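Here the structure comes first, spelled out in structure tokens, and everything after it is commentary.
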Amino acid sequence: MTPVELSRTVLHAVRRAVDEGELSVTVPERAVVTAPGPGGCGDYATNIALQLARAAGEPPQRVAEILRARLVGEQRIDDVVVTGPGFLNFSLARTASADLVEEILRRGRRYGHATTGFSGTAVRLHCTAEVRAVVVTDALSRVLRSQGDFVRVECDGRPAPEWGSVLGADVTTRGPRIADRYVTIRPVPAPADPLPLGRDAARWALLHPAPHDRPRIPGDHLVQRESNPLFRVRYAHARTRALLRNAADLGFHPEPGPVSAAEALLAALGDHPRVLAATATHHTPDRLARHLLVVADAAMPLLPAVLPLGEEKPSAAHRARLALAEAAGTVLAGGLSLLGIDAPDHL
């Protein structure tokens, strides 16, 4: 369940409470869903009860309990806990491996994106005409749009023309003129010109470190070895594509099913929607980059067991592992795309 889907579920609970006479309020257009704050718990939280309390003429905790009673039984919600003055905290049900893989393969690279198009807030991003600020702003605008937000990008001065062509940064002004939220992007500047690295490695070098950390340029971003995080992410993706080609040559195809000893990978894949939402909320593309590295490292132990060995015939287990590998590759490709980085099928 994505934050957008959870927001709709919360609003549906409010509407039911109003229809049944327990709350007398106007149903808001949206419920803000974020990661739990200090003292919270679970996967997500919302302050909708505090937002409605005054209009309802009830204490926030009473409003929260009314809504909790209607949310506990919802599909894919495992538990709802009221904390603090009336925050609702949600623990989502851990989807069975086959269901999770099936959802990822159905959604493709848009897994974790908002399912209703643009339905969020209007955000205006502002950056200086410095290469790292431009690239971070571009990546953040991609992630925000994936979560249903309207985005307008503004940049002081005029960035060097080669930044757009080599680094793929779209700094054209577009989106709403009136914004709900204004964000200034001001990461630690790049210490040297990243253009010699090429588009993909340069973007990774600027996006992978946290905004307050100084990027390493040139670093080892072009080295094809395990010490290079970008190589690990792209190599894992390329391996999943190679396995699909090899399996097709052997006459079998992916079929979602239970997979043993893959808990770390399943947890990382299931966490992808939350990571995208947190990246958008906290304006931190580095969070997504680090998550892709977690997915890649969790996928690698699975890959040698995907294809049958010797005279072994492809079984249901092989097809299920192949589907899980394809899902991992799909998440890696989708995440890299949001960072503006290509995910080649051959590496």
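Going through the structure tokens in order, the chains are called A, B, and so on, while each chain numbers its residues from 1 and the ligands are numbered from 1 in the order shown.
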Looking only at the backbone, which of the residues in stretch 97-268 of chain A does DSSP tag as strand (DSSP E), as a CSV table (one decimal) with N, CA, C and O atoms, in the first residue's frame?
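Okay, this is what ended up in part_22.csv:
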chain,number,residue,atom,x,y,z
A,122,ALA,N,1.2,21.1,-4.5
A,122,ALA,CA,2.0,21.9,-5.5
A,122,ALA,C,3.3,22.3,-4.8
A,122,ALA,O,3.2,23.0,-3.8
A,123,VAL,N,4.4,21.9,-5.4
A,123,VAL,CA,5.7,22.2,-4.8
A,123,VAL,C,6.5,23.0,-5.8
A,123,VAL,O,6.6,22.8,-7.0
A,124,ARG,N,7.1,24.1,-5.2
A,124,ARG,CA,8.1,24.9,-6.0
A,124,ARG,C,9.5,24.7,-5.5
A,124,ARG,O,9.8,24.9,-4.4
A,125,LEU,N,10.3,24.1,-6.4
A,125,LEU,CA,11.7,23.8,-6.1
A,125,LEU,C,12.6,25.0,-6.6
A,125,LEU,O,12.4,25.4,-7.8
A,126,HIS,N,13.5,25.4,-5.8
A,126,HIS,CA,14.4,26.5,-6.2
A,126,HIS,C,15.8,26.1,-6.0
A,126,HIS,O,16.1,25.6,-4.9
A,127,CYS,N,16.7,26.3,-6.9
A,127,CYS,CA,18.1,25.9,-6.8
A,127,CYS,C,19.0,27.0,-7.4
A,127,CYS,O,18.5,27.9,-8.2
A,150,PHE,N,2.4,18.2,-8.0
A,150,PHE,CA,2.7,19.1,-9.0
A,150,PHE,C,4.1,19.8,-8.7
A,150,PHE,O,4.2,20.2,-7.5
A,151,VAL,N,4.9,20.0,-9.6
A,151,VAL,CA,6.3,20.5,-9.3
A,151,VAL,C,6.6,21.6,-10.3
A,151,VAL,O,6.4,21.5,-11.5
A,152,ARG,N,7.1,22.7,-9.8
A,152,ARG,CA,7.6,23.8,-10.6
A,152,ARG,C,9.1,24.0,-10.2
A,152,ARG,O,9.4,24.1,-9.0
A,153,VAL,N,10.0,24.1,-11.2
A,153,VAL,CA,11.4,24.2,-10.9
A,153,VAL,C,11.9,25.6,-11.3
A,153,VAL,O,11.6,26.0,-12.4
A,154,GLU,N,12.6,26.2,-10.4
A,154,GLU,CA,13.2,27.5,-10.7
A,154,GLU,C,14.7,27.5,-10.4
A,154,GLU,O,15.1,26.9,-9.4
A,155,CYS,N,15.5,28.1,-11.3
A,155,CYS,CA,16.9,28.1,-11.0
A,155,CYS,C,17.5,29.5,-11.2
A,155,CYS,O,17.2,30.2,-12.2
A,181,ARG,N,4.0,24.4,-1.1
A,181,ARG,CA,5.3,24.2,-0.4
A,181,ARG,C,6.4,24.8,-1.2
A,181,ARG,O,6.5,24.5,-2.4
A,182,TYR,N,7.3,25.5,-0.6
A,182,TYR,CA,8.5,26.1,-1.3
A,182,TYR,C,9.7,25.4,-0.7
A,182,TYR,O,9.9,25.3,0.5
A,183,VAL,N,10.6,24.9,-1.6
A,183,VAL,CA,11.8,24.2,-1.1
A,183,VAL,C,13.0,24.7,-1.8
A,183,VAL,O,13.0,24.8,-3.1
A,184,THR,N,14.0,25.1,-1.1
A,184,THR,CA,15.3,25.6,-1.7
A,184,THR,C,16.3,24.4,-1.6
A,184,THR,O,16.5,23.9,-0.5
A,185,ILE,N,16.8,24.1,-2.7
A,185,ILE,CA,17.8,23.0,-2.7
A,185,ILE,C,19.2,23.6,-2.7
A,185,ILE,O,19.6,24.3,-3.6
Residues of stretch 163-278 of chain A that approach stretch 335-346 of chain A to 7 Å or less, counting only C-alpha atoms: could you list each one with the shortest pair of atoms and its distance in Å to one decimal, rows by chain and increasing residue number, as a tab-separated table?
residue	atom	partner	partner_atom	distance
A:Gly168	CA	A:Gly340	CA	6.9
A:Asp200	CA	A:Ile341	CA	5.1
A:Arg234	CA	A:Ala343	CA	5.9
A:His237	CA	A:Ala343	CA	7.0
A:Ala238	CA	A:Asp345	CA	4.7
A:Arg241	CA	A:Asp345	CA	5.8
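The spacing separating atom CA of A:Val306 from atom CA of A:His318 amounts to 5.4 Å.
Among the candidates A:Asp297, A:Asp79, A:Asp249, A:Glu5, the one nearest to A:Asp43 when counting only C-alpha atoms is A:Asp79.
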Open item on the list: List the spatial neighbours of A:Leu71 as a ChimeraX atom specification - criterion: any atom at most 10 Å away, only C-alpha atoms, same-chain residues fewer than 3 positions off excluded.
Closed with: /A:9-10,12-14,65-68,74-75,77-80,88,90
I need the residues from that last selection saved to file as a compact mmCIF listing (two decimals), in the first residue's frame (with C-alpha atoms), if you can.
# COMPACT_ATOMS: atom_id res chain seq x y z
CA THR A 9 -8.25 4.78 2.88
CA VAL A 10 -8.09 7.27 5.76
CA HIS A 12 -12.84 6.81 3.32
CA ALA A 13 -12.86 6.09 7.08
CA VAL A 14 -13.63 9.77 7.76
CA GLU A 65 -10.28 6.33 18.19
CA ILE A 66 -13.37 6.77 16.02
CA LEU A 67 -11.25 6.52 12.90
CA ARG A 68 -9.10 3.71 14.27
CA GLU A 74 -8.97 -2.58 6.29
CA GLN A 75 -7.18 -4.81 3.82
CA ILE A 77 -3.45 -2.71 7.34
CA ASP A 78 -2.12 -4.93 10.10
CA ASP A 79 -2.58 -2.57 13.05
CA VAL A 80 -3.48 1.04 13.90
CA LEU A 88 -2.81 7.54 13.93
CA PHE A 90 -0.23 2.36 10.74
